[in-house]
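Quick look at entry_38.txt (compact mmCIF, C-alpha atoms):
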```
# COMPACT_ATOMS: atom_id res chain seq x y z
CA MET G 1 -30.56 43.57 21.70
CA LYS G 2 -33.19 40.83 21.71
CA LYS G 3 -33.53 41.10 17.93
CA LYS G 4 -29.77 40.79 17.46
CA ILE G 5 -29.64 37.72 19.69
CA ILE G 6 -32.47 36.07 17.77
CA ILE G 7 -31.08 36.78 14.31
CA PHE G 8 -27.52 35.66 15.10
CA THR G 9 -28.79 32.54 16.88
CA VAL G 10 -30.90 31.58 13.88
CA LEU G 11 -28.12 32.44 11.44
CA PHE G 12 -25.62 30.33 13.36
CA GLN G 13 -27.96 27.35 13.16
CA ILE G 14 -28.53 27.94 9.43
CA VAL G 15 -24.80 28.24 8.72
CA ILE G 16 -24.03 25.04 10.62
CA ILE G 17 -26.90 22.93 9.27
CA GLU G 18 -27.89 24.29 5.86
CA LEU G 19 -24.71 25.17 3.91
CA PHE G 20 -24.79 23.96 0.30
CA ALA G 21 -22.11 23.92 -2.38
CA SER G 22 -23.72 26.33 -4.85
CA GLN G 23 -23.12 29.69 -6.45
CA ASN G 24 -26.07 31.24 -4.67
CA MET G 25 -26.10 33.49 -1.66
CA ASN G 26 -28.76 33.63 1.03
CA LEU G 27 -30.10 36.98 2.12
CA PHE G 28 -31.54 37.01 5.60
CA ILE G 29 -33.76 39.95 6.53
CA TYR G 30 -35.08 40.41 10.01
CA ASP G 31 -38.30 42.40 9.92
CA ASN G 32 -41.10 42.72 12.48
CA SER G 33 -39.99 39.70 14.52
CA GLU G 34 -39.99 37.44 11.43
CA LEU G 35 -36.99 35.98 9.64
CA SER G 36 -37.30 35.62 5.88
CA ALA G 37 -34.76 33.99 3.60
CA TYR G 38 -34.26 34.95 -0.01
CA SER G 39 -31.92 33.39 -2.53
CA PHE G 40 -30.36 35.31 -5.36
CA LYS G 41 -27.39 35.13 -7.70
CA ASN G 42 -24.26 37.09 -6.89
CA GLN G 43 -24.86 39.51 -9.77
CA ASP G 44 -28.51 40.23 -8.98
CA LYS G 45 -29.65 43.58 -7.59
CA VAL G 46 -31.40 43.77 -4.28
CA ASN G 47 -34.38 46.07 -3.95
CA ALA G 48 -34.89 47.05 -0.35
CA SER G 49 -35.50 50.17 1.64
CA PRO G 50 -32.48 51.81 3.33
CA MET G 51 -33.82 50.69 6.70
CA LEU G 52 -34.06 47.06 5.58
CA LYS G 53 -30.62 47.16 3.96
CA GLN G 54 -29.12 47.95 7.34
CA LYS G 55 -30.57 44.66 8.60
CA ILE G 56 -29.24 42.49 5.77
CA ILE G 57 -26.62 39.83 6.41
CA TYR G 58 -25.01 37.99 3.51
CA ILE G 59 -23.80 34.41 3.75
CA ASP G 60 -21.67 33.12 0.87
CA GLU G 61 -22.50 29.45 0.63
CA THR G 62 -19.78 28.52 -1.86
CA ASN G 63 -17.25 28.35 0.96
CA PRO G 64 -17.89 28.82 4.68
CA PHE G 65 -14.41 30.33 5.13
CA GLU G 66 -12.74 33.30 3.52
CA LEU G 67 -9.38 35.05 3.67
CA LYS G 68 -9.29 38.82 4.07
CA PRO G 69 -6.11 40.92 4.12
CA ALA G 70 -7.41 43.12 6.93
CA LEU G 71 -7.60 40.07 9.19
CA ASP G 72 -5.07 37.61 7.84
CA ILE G 73 -2.06 39.88 7.52
CA PRO G 74 -2.07 40.98 11.19
CA LEU G 75 -3.18 37.51 12.33
CA SER G 76 -0.38 35.78 10.42
CA VAL G 77 2.20 38.32 11.59
CA THR G 78 1.08 37.94 15.21
CA ALA G 79 1.06 34.14 15.10
CA SER G 80 4.49 34.09 13.46
CA ALA G 81 5.87 36.60 15.95
CA ILE G 82 4.65 34.54 18.92
CA ALA G 83 6.08 31.31 17.52
CA ILE G 84 9.39 32.70 16.27
CA SER G 85 10.09 34.67 19.45
CA ALA G 86 9.30 31.59 21.55
CA GLY G 87 11.59 29.46 19.41
CA ILE G 88 14.46 31.94 19.70
CA ALA G 89 13.93 32.26 23.45
CA ASP G 90 13.90 28.47 23.88
CA LEU G 91 17.07 28.14 21.82
CA GLY G 92 18.69 30.92 23.81
CA GLU G 93 17.83 29.25 27.09
CA LYS G 94 19.21 25.87 26.07
CA LYS G 95 22.19 26.91 23.95
CA TRP G 96 23.24 30.39 25.01
CA GLY G 97 22.44 30.40 28.71
CA TRP G 98 19.57 32.86 28.67
CA SER G 99 17.76 32.73 32.00
CA PHE G 100 13.97 32.75 32.14
CA LYS G 101 13.68 30.49 35.19
CA ASP G 102 15.86 28.43 37.52
CA ASN G 103 17.09 25.38 35.57
CA CYS G 104 19.41 24.14 38.30
CA LEU G 105 18.23 20.79 39.63
CA GLU G 106 20.28 21.21 42.81
CA ASN G 107 18.17 24.24 43.74
CA SER G 108 14.93 22.29 43.46
CA GLU G 109 13.53 20.46 46.46
CA LEU G 110 11.09 17.96 44.98
CA SER G 111 8.46 16.43 47.23
CA LYS G 112 5.25 14.69 46.20
CA SER G 113 3.51 16.29 49.15
CA ASP G 114 3.77 19.64 47.36
CA ILE G 115 1.67 18.34 44.47
CA ILE G 116 -2.11 18.66 44.48
CA LEU G 117 -4.05 15.44 44.97
CA MET G 118 -5.39 15.14 41.41
CA ASP G 119 -1.88 15.40 39.99
CA GLN G 120 -0.56 12.87 42.51
CA ILE G 121 -3.19 10.34 41.43
CA PHE G 122 -2.17 10.45 37.75
CA MET G 123 1.59 10.96 38.05
CA ASN G 124 3.89 8.17 36.86
CA ASP G 125 7.51 7.19 36.43
CA TYR G 126 9.16 7.72 33.04
CA ASN G 127 8.23 5.25 30.29
CA LYS G 128 10.16 5.72 27.05
CA ALA G 129 7.87 3.49 24.95
CA LEU G 130 4.70 5.33 25.97
CA SER G 131 6.44 8.66 25.45
CA ALA G 132 7.38 7.68 21.89
CA THR G 133 3.83 6.43 21.24
CA SER G 134 2.40 9.78 22.29
CA THR G 135 4.66 11.49 19.77
CA VAL G 136 3.28 9.20 17.06
CA THR G 137 -0.36 9.93 17.95
CA GLU G 138 0.40 13.65 18.04
CA ALA G 139 2.02 13.48 14.58
CA LEU G 140 -1.00 11.62 13.19
CA LEU G 141 -3.35 14.30 14.46
CA VAL G 142 -1.23 17.21 13.26
CA ALA G 143 -1.13 15.67 9.77
CA SER G 144 -4.82 14.70 9.68
CA PRO G 145 -6.34 17.99 8.45
CA ALA G 146 -3.90 18.08 5.53
CA ILE G 147 -4.99 14.56 4.55
CA ILE G 148 -8.68 14.27 5.41
CA LEU G 149 -9.99 17.61 4.13
CA PRO G 150 -8.43 17.38 0.62
CA ALA G 151 -9.55 13.75 0.46
CA MET G 152 -13.14 14.82 1.15
CA TYR G 153 -12.91 17.55 -1.49
CA ALA G 154 -11.81 14.95 -4.03
CA LYS G 155 -14.55 12.53 -2.95
CA GLU G 156 -17.26 15.18 -3.22
CA ASN G 157 -15.81 16.63 -6.45
CA THR G 158 -15.42 20.02 -4.76
CA PHE G 159 -11.64 20.21 -4.81
CA SER G 160 -10.21 23.64 -5.55
CA TRP G 161 -6.89 25.29 -4.83
CA ASN G 162 -8.77 28.19 -3.30
CA GLU G 163 -10.13 25.95 -0.55
CA VAL G 164 -6.72 24.39 -0.02
CA THR G 165 -5.17 27.85 0.29
CA VAL G 166 -7.80 29.03 2.75
CA ASP G 167 -7.60 25.88 4.87
CA GLY G 168 -3.80 25.86 4.77
CA THR G 169 -3.55 29.48 5.86
CA MET G 170 -5.99 28.98 8.72
CA TYR G 171 -4.25 25.81 9.84
CA VAL G 172 -0.78 27.39 9.86
CA GLN G 173 -2.15 30.31 11.86
CA THR G 174 -3.78 27.90 14.30
CA MET G 175 -0.72 25.75 14.88
CA LEU G 176 1.73 28.66 15.10
CA THR G 177 -0.47 30.37 17.68
CA ALA G 178 -0.99 27.23 19.76
CA TRP G 179 2.68 26.28 19.62
CA GLY G 180 3.88 29.78 20.47
CA ILE G 181 1.52 30.19 23.42
CA LYS G 182 2.39 26.86 25.00
CA GLU G 183 6.11 27.43 24.39
CA TRP G 184 6.14 30.82 26.09
CA ILE G 185 4.29 29.40 29.09
CA LYS G 186 6.84 26.59 29.32
CA LEU G 187 9.66 29.12 29.21
CA LEU G 188 8.21 31.20 32.03
CA VAL G 189 6.75 28.53 34.32
CA ASN G 190 9.16 26.37 36.31
CA ARG G 191 7.48 23.03 36.88
CA PRO G 192 9.43 19.76 37.08
CA ARG G 193 7.99 16.84 35.17
CA PRO G 194 6.41 13.97 37.15
CA TYR G 195 9.29 11.57 36.44
CA MET G 196 11.62 13.87 38.41
CA TYR G 197 9.88 12.76 41.60
CA TYR G 198 11.18 9.21 41.08
CA ASP G 199 14.71 7.92 41.58
CA ASN G 200 15.26 6.57 38.07
CA TYR G 201 14.50 9.74 36.14
CA PRO G 202 16.11 10.05 32.66
CA VAL G 203 19.42 11.86 33.04
CA SER G 204 19.41 12.95 29.39
CA LYS G 205 16.27 14.99 30.01
CA VAL G 206 18.00 16.83 32.83
CA GLU G 207 21.07 17.52 30.73
CA ASP G 208 19.11 19.10 27.88
CA GLY G 209 17.00 21.21 30.26
CA ASP G 210 13.69 19.54 29.46
CA TRP G 211 13.07 18.27 32.98
CA ASN G 212 11.25 21.38 34.25
CA ASP G 213 9.11 22.13 31.16
CA SER G 214 6.08 20.22 32.40
CA PHE G 215 3.48 22.99 32.18
CA PRO G 216 1.58 22.87 29.89
CA SER G 217 1.68 19.73 27.77
CA GLY G 218 2.90 20.62 24.28
CA HIS G 219 1.84 17.30 22.75
CA THR G 220 -1.67 17.75 24.12
CA THR G 221 -1.86 21.38 23.01
CA LEU G 222 -1.03 20.60 19.38
CA SER G 223 -3.15 17.44 19.36
CA PHE G 224 -6.28 19.25 20.52
CA ALA G 225 -5.56 22.19 18.22
CA ALA G 226 -5.46 19.82 15.25
CA ALA G 227 -8.50 17.84 16.42
CA SER G 228 -10.55 21.00 17.00
CA PHE G 229 -9.53 22.52 13.68
CA LEU G 230 -10.37 19.36 11.74
CA THR G 231 -13.70 18.85 13.50
CA TYR G 232 -14.82 22.46 13.22
CA THR G 233 -13.90 22.85 9.55
CA PHE G 234 -15.38 19.46 8.63
CA PHE G 235 -18.68 20.36 10.31
CA GLN G 236 -18.71 23.65 8.40
CA TYR G 237 -17.93 22.10 5.03
CA TYR G 238 -20.14 19.00 5.40
CA PRO G 239 -22.93 19.78 7.89
CA GLU G 240 -25.10 16.97 6.51
CA SER G 241 -22.42 14.29 6.30
CA PRO G 242 -22.91 11.27 8.57
CA GLY G 243 -19.13 11.03 8.76
CA ARG G 244 -18.83 14.28 10.69
CA PHE G 245 -19.51 12.49 13.98
CA TRP G 246 -16.88 9.87 13.13
CA ILE G 247 -14.42 12.72 12.56
CA LEU G 248 -15.38 14.29 15.88
CA GLY G 249 -15.07 11.03 17.80
CA ALA G 250 -11.86 9.86 16.13
CA SER G 251 -10.01 13.19 16.33
CA TYR G 252 -10.90 14.01 19.92
CA GLY G 253 -10.49 10.37 20.89
CA LEU G 254 -6.94 10.34 19.54
CA ALA G 255 -6.21 13.70 21.17
CA THR G 256 -7.45 12.38 24.52
CA THR G 257 -5.34 9.25 24.03
CA THR G 258 -2.31 11.46 23.48
CA ALA G 259 -3.07 13.32 26.71
CA PHE G 260 -3.33 10.09 28.71
CA LEU G 261 -0.12 8.77 27.15
CA ARG G 262 1.69 11.93 28.24
CA MET G 263 0.55 11.27 31.81
CA ALA G 264 1.19 7.51 31.67
CA SER G 265 4.71 8.10 30.34
CA GLY G 266 5.57 10.33 33.29
CA ASN G 267 5.98 13.45 31.18
CA HIS G 268 3.03 15.45 32.48
CA PHE G 269 0.62 15.97 35.32
CA ALA G 270 -3.14 15.98 34.83
CA THR G 271 -3.29 19.78 35.10
CA ASP G 272 -0.61 20.04 32.38
CA VAL G 273 -2.67 18.12 29.83
CA MET G 274 -5.92 19.82 30.84
CA THR G 275 -4.37 23.24 30.25
CA GLY G 276 -2.85 22.07 26.96
CA ALA G 277 -6.23 20.71 25.84
CA LEU G 278 -7.86 24.06 26.64
CA ILE G 279 -5.26 26.11 24.74
CA GLY G 280 -5.40 23.80 21.73
CA THR G 281 -9.19 23.68 21.59
CA VAL G 282 -9.55 27.45 21.79
CA CYS G 283 -6.98 28.01 19.03
CA GLY G 284 -8.42 25.22 16.87
CA ILE G 285 -11.92 26.68 16.93
CA ALA G 286 -11.41 30.43 17.34
CA ILE G 287 -9.06 30.97 14.41
CA PRO G 288 -11.18 29.23 11.73
CA PHE G 289 -14.29 30.86 13.20
CA MET G 290 -12.65 34.25 12.63
CA HIS G 291 -12.67 33.40 8.91
CA THR G 292 -16.39 32.65 8.66
CA GLN G 293 -19.01 34.89 7.08
CA LEU G 294 -20.84 34.91 10.41
CA PHE G 295 -17.81 36.48 12.08
CA TYR G 296 -17.31 39.02 9.28
CA SER G 297 -20.99 39.95 9.28
CA LYS G 298 -20.64 41.38 12.75
CA PHE G 299 -18.18 44.00 11.52
CA LYS G 300 -18.59 44.78 7.85
CA LYS G 301 -20.95 47.55 6.83
CA ASN G 302 -21.20 46.70 3.14
CA GLN G 303 -20.15 44.20 0.53
CA ASN G 304 -17.11 46.17 -0.70
CA ASN G 305 -13.77 44.67 0.29
CA ASP G 306 -11.15 47.30 -0.44
CA PHE G 307 -7.40 47.01 -0.35
CA SER G 308 -5.13 49.84 -1.39
CA PHE G 309 -1.39 50.38 -1.41
CA ASN G 310 -0.11 53.83 -2.33
CA ILE G 311 3.42 55.14 -2.56
CA SER G 312 4.26 58.83 -2.72
CA PRO G 313 7.38 60.91 -2.01
CA ALA G 314 5.93 61.81 1.36
CA CYS G 315 4.74 58.46 2.64
CA ILE G 316 3.71 54.86 2.05
CA ALA G 317 0.02 54.22 2.70
CA LEU G 318 -1.52 50.81 3.25
CA SER G 319 -5.25 50.62 3.91
CA PHE G 320 -7.89 47.91 4.29
CA ARG G 321 -11.66 47.99 4.48
CA PHE G 322 -13.91 45.00 4.98
```
Just give me the structure as C-alpha cells.
Amino acid sequence: MKKKIIIFTVLFQIVIIELFASQNMNLFIYDNSELSAYSFKNQDKVNASPMLKQKIIYIDETNPFELKPALDIPLSVTASAIAISAGIADLGEKKWGWSFKDNCLENSELSKSDIILMDQIFMNDYNKALSATSTVTEALLVASPAIILPAMYAKENTFSWNEVTVDGTMYVQTMLTAWGIKEWIKLLVNRPRPYMYYDNYPVSKVEDGDWNDSFPSGHTTLSFAAASFLTYTFFQYYPESPGRFWILGASYGLATTTAFLRMASGNHFATDVMTGALIGTVCGIAIPFMHTQLFYSKFKKNQNNDFSFNISPACIALSFRF
C-alpha cells in the first residue's frame, strides 16, 4: 500500500507539472523504492521482466485527456438521462400540474425567524438589475471554455479537432450532470426564495412557480462547474503557462461574483450558493479527471483498448475492454 501511495503521488505531480506536447510516452517503473523514468516512442518494444511489467504505468503526453467507449457511453447516457428527466419533470410540474412539492403560497407560513442566522445575514429583497447581471456573468462563464481553450490551441499551434472533440464531450457531460443534479434537488426541496420574506416580492415569480426553487442556486452551480472545468483542463494542458493562475483567479472570481449577485438580488440564501458551488466544483473537476491517463491507469491491465459489436440470430453482443 505504501508503494502504491508513493508511485501515484509522484505520478500525479509529474502529470500536473511535466506534461509536454510530444509524440513520446513516459514509462514509470517503481522498483526497490526507486522511481525511474524512461522515454520511448509509441512503436518501440519494452523489454522488462513479467514482474516489472505489472508495475508499469503509461502516460500519453500528447493529450492529458482521452475518450474511451467503456467510460463515455455510460457516462453520456447517465448525464443525459439525469438532465432530460429533470427537464421533463420540471415542465410537468409547471405546465401539467405534476406534484413534487407544495407550490401553494397560501400553505406557506414564511417567517425570518425560521431561517438560520448565516442565511438571515445575507438575505435581501428582490433586485431585478442584479438578477439580470448574475445571468450575464453565468453566461460568460459557461461560454468561456469553448472560447479560451481553442484560442490557446491556436496560439500554441496545437489545435486539433481531436482535442476539440475530447474537450467538447467532457464539457457537455459536465454541464448536463451539474444541471440535472441541481434541477432534481430543486424539484424535490421546497424552499422559498429570500425575496418571498419581503412585502414587495415579484408576483410574476409566484405565478410561474419559481418562488420556492431556492435550493440550490442553479446559476452558481453552472458557474462553478464551468470555472472548475476550465481551470482543471487548462492546468492539465498548460502546466508551465504563467497564464494558468490568471485563468484560475478570473474564472473562480467571476463564479464567486455570480454567487454574491444571486444573494444580493434576493434570489438565494448563502447556503443555496454554497451548495451550488460544491456541486459545480465536484462535477467540473471529477468528470475531466475521469478522462485522464492517471485515472485509467488505476483500472486497465494492458495497453489494448478493445471494442466489439457482434450480431447473431440469437443475440446482440456489445463488449468493451480498457
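Using all atoms listed in the file, the shortest contact distance between Ile147 in chain G and any of G:Leu230, G:Ile82, G:Leu110, G:Cys283 is found at G:Leu230.
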* Asked: Between CA of Val172 in chain G and CA of Thr220 in chain G, what is the distance, to one decimal in Å?
  -> 17.2 Å
* Nearest-residue call for Val203 in chain G, choices G:Tyr296, G:Trp184, G:Trp161, G:Tyr126, using all atoms listed in the file -> G:Tyr126
* For Pro194 in chain G, which residue out of G:Met263, G:Val77, G:Ala83, G:Ile116 is the nearest one, using all atoms listed in the file? -> G:Met263
* To do: For CA of Pro216 in chain G and CA of Tyr201 in chain G, determine how far apart the two atoms are, in Å to one decimal place.
  => 19.5 Å
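For the atom pair formed by CA of Thr275 in chain G and CA of His219 in chain G, the distance is 11.4 Å, given to one decimal.
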* Asked: Out of G:Thr158, G:Glu183, G:Gly266, G:Ser251, which residue has the shortest atom-to-atom distance to Trp211 in chain G when counting all atoms listed in the file?
  ->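 For Trp211 in chain G, the nearest of the given residues is G:Gly266.
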* Compare G:Ala79, G:Leu187, G:Leu149, G:Leu140 by their minimum atom-to-atom distance to Tyr237 in chain G, counting all atoms listed in the file, and give me the closest one. => G:Leu149
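Proximity to Ala151 in chain G was assessed for G:Val164, G:Ser76, G:Thr135, G:Pro288 counting only C-alpha atoms; the smallest distance is recorded for G:Val164.
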* Selection as a PyMOL selection string: residues within 8 Å of (-7.2, 21.1, 24.2), counting all atoms listed in the file -> chain G and resi 220-225+228+273-282
For Pro150 in chain G, please output as a CSV table (one decimal) with C-alpha atoms, in the frame of the given file all residues within 12 Å (counting all atoms listed in the file; exclusion window: fewer than 6 positions along the same chain).
```csv
chain,number,residue,atom,x,y,z
G,143,ALA,CA,-1.1,15.7,9.8
G,144,SER,CA,-4.8,14.7,9.7
G,156,GLU,CA,-17.3,15.2,-3.2
G,157,ASN,CA,-15.8,16.6,-6.4
G,158,THR,CA,-15.4,20.0,-4.8
G,159,PHE,CA,-11.6,20.2,-4.8
G,160,SER,CA,-10.2,23.6,-5.6
G,161,TRP,CA,-6.9,25.3,-4.8
G,162,ASN,CA,-8.8,28.2,-3.3
G,163,GLU,CA,-10.1,26.0,-0.6
G,164,VAL,CA,-6.7,24.4,0.0
G,165,THR,CA,-5.2,27.8,0.3
G,166,VAL,CA,-7.8,29.0,2.8
G,167,ASP,CA,-7.6,25.9,4.9
G,168,GLY,CA,-3.8,25.9,4.8
G,230,LEU,CA,-10.4,19.4,11.7
G,233,THR,CA,-13.9,22.8,9.6
G,234,PHE,CA,-15.4,19.5,8.6
G,237,TYR,CA,-17.9,22.1,5.0
```
Using only C-alpha atoms, determine which residues lie at most 12 Å from Gly87 in chain G, disregarding the query and same-chain residues fewer than 3 positions distant; provide the list as an mmCIF file with C-alpha atoms, in the coordinates of the input.
```
data_model
loop_
_atom_site.group_PDB
_atom_site.id
_atom_site.type_symbol
_atom_site.label_atom_id
_atom_site.label_comp_id
_atom_site.auth_asym_id
_atom_site.auth_seq_id
_atom_site.Cartn_x
_atom_site.Cartn_y
_atom_site.Cartn_z
ATOM 1 C CA SER G 80 4.490 34.090 13.460
ATOM 2 C CA ALA G 81 5.870 36.600 15.950
ATOM 3 C CA ILE G 82 4.650 34.540 18.920
ATOM 4 C CA ALA G 83 6.080 31.310 17.520
ATOM 5 C CA ILE G 84 9.390 32.700 16.270
ATOM 6 C CA ASP G 90 13.900 28.470 23.880
ATOM 7 C CA LEU G 91 17.070 28.140 21.820
ATOM 8 C CA GLY G 92 18.690 30.920 23.810
ATOM 9 C CA GLU G 93 17.830 29.250 27.090
ATOM 10 C CA LYS G 94 19.210 25.870 26.070
ATOM 11 C CA LYS G 95 22.190 26.910 23.950
ATOM 12 C CA LEU G 176 1.730 28.660 15.100
ATOM 13 C CA TRP G 179 2.680 26.280 19.620
ATOM 14 C CA GLY G 180 3.880 29.780 20.470
ATOM 15 C CA ILE G 181 1.520 30.190 23.420
ATOM 16 C CA LYS G 182 2.390 26.860 25.000
ATOM 17 C CA GLU G 183 6.110 27.430 24.390
ATOM 18 C CA TRP G 184 6.140 30.820 26.090
ATOM 19 C CA LYS G 186 6.840 26.590 29.320
ATOM 20 C CA LEU G 187 9.660 29.120 29.210
#
```
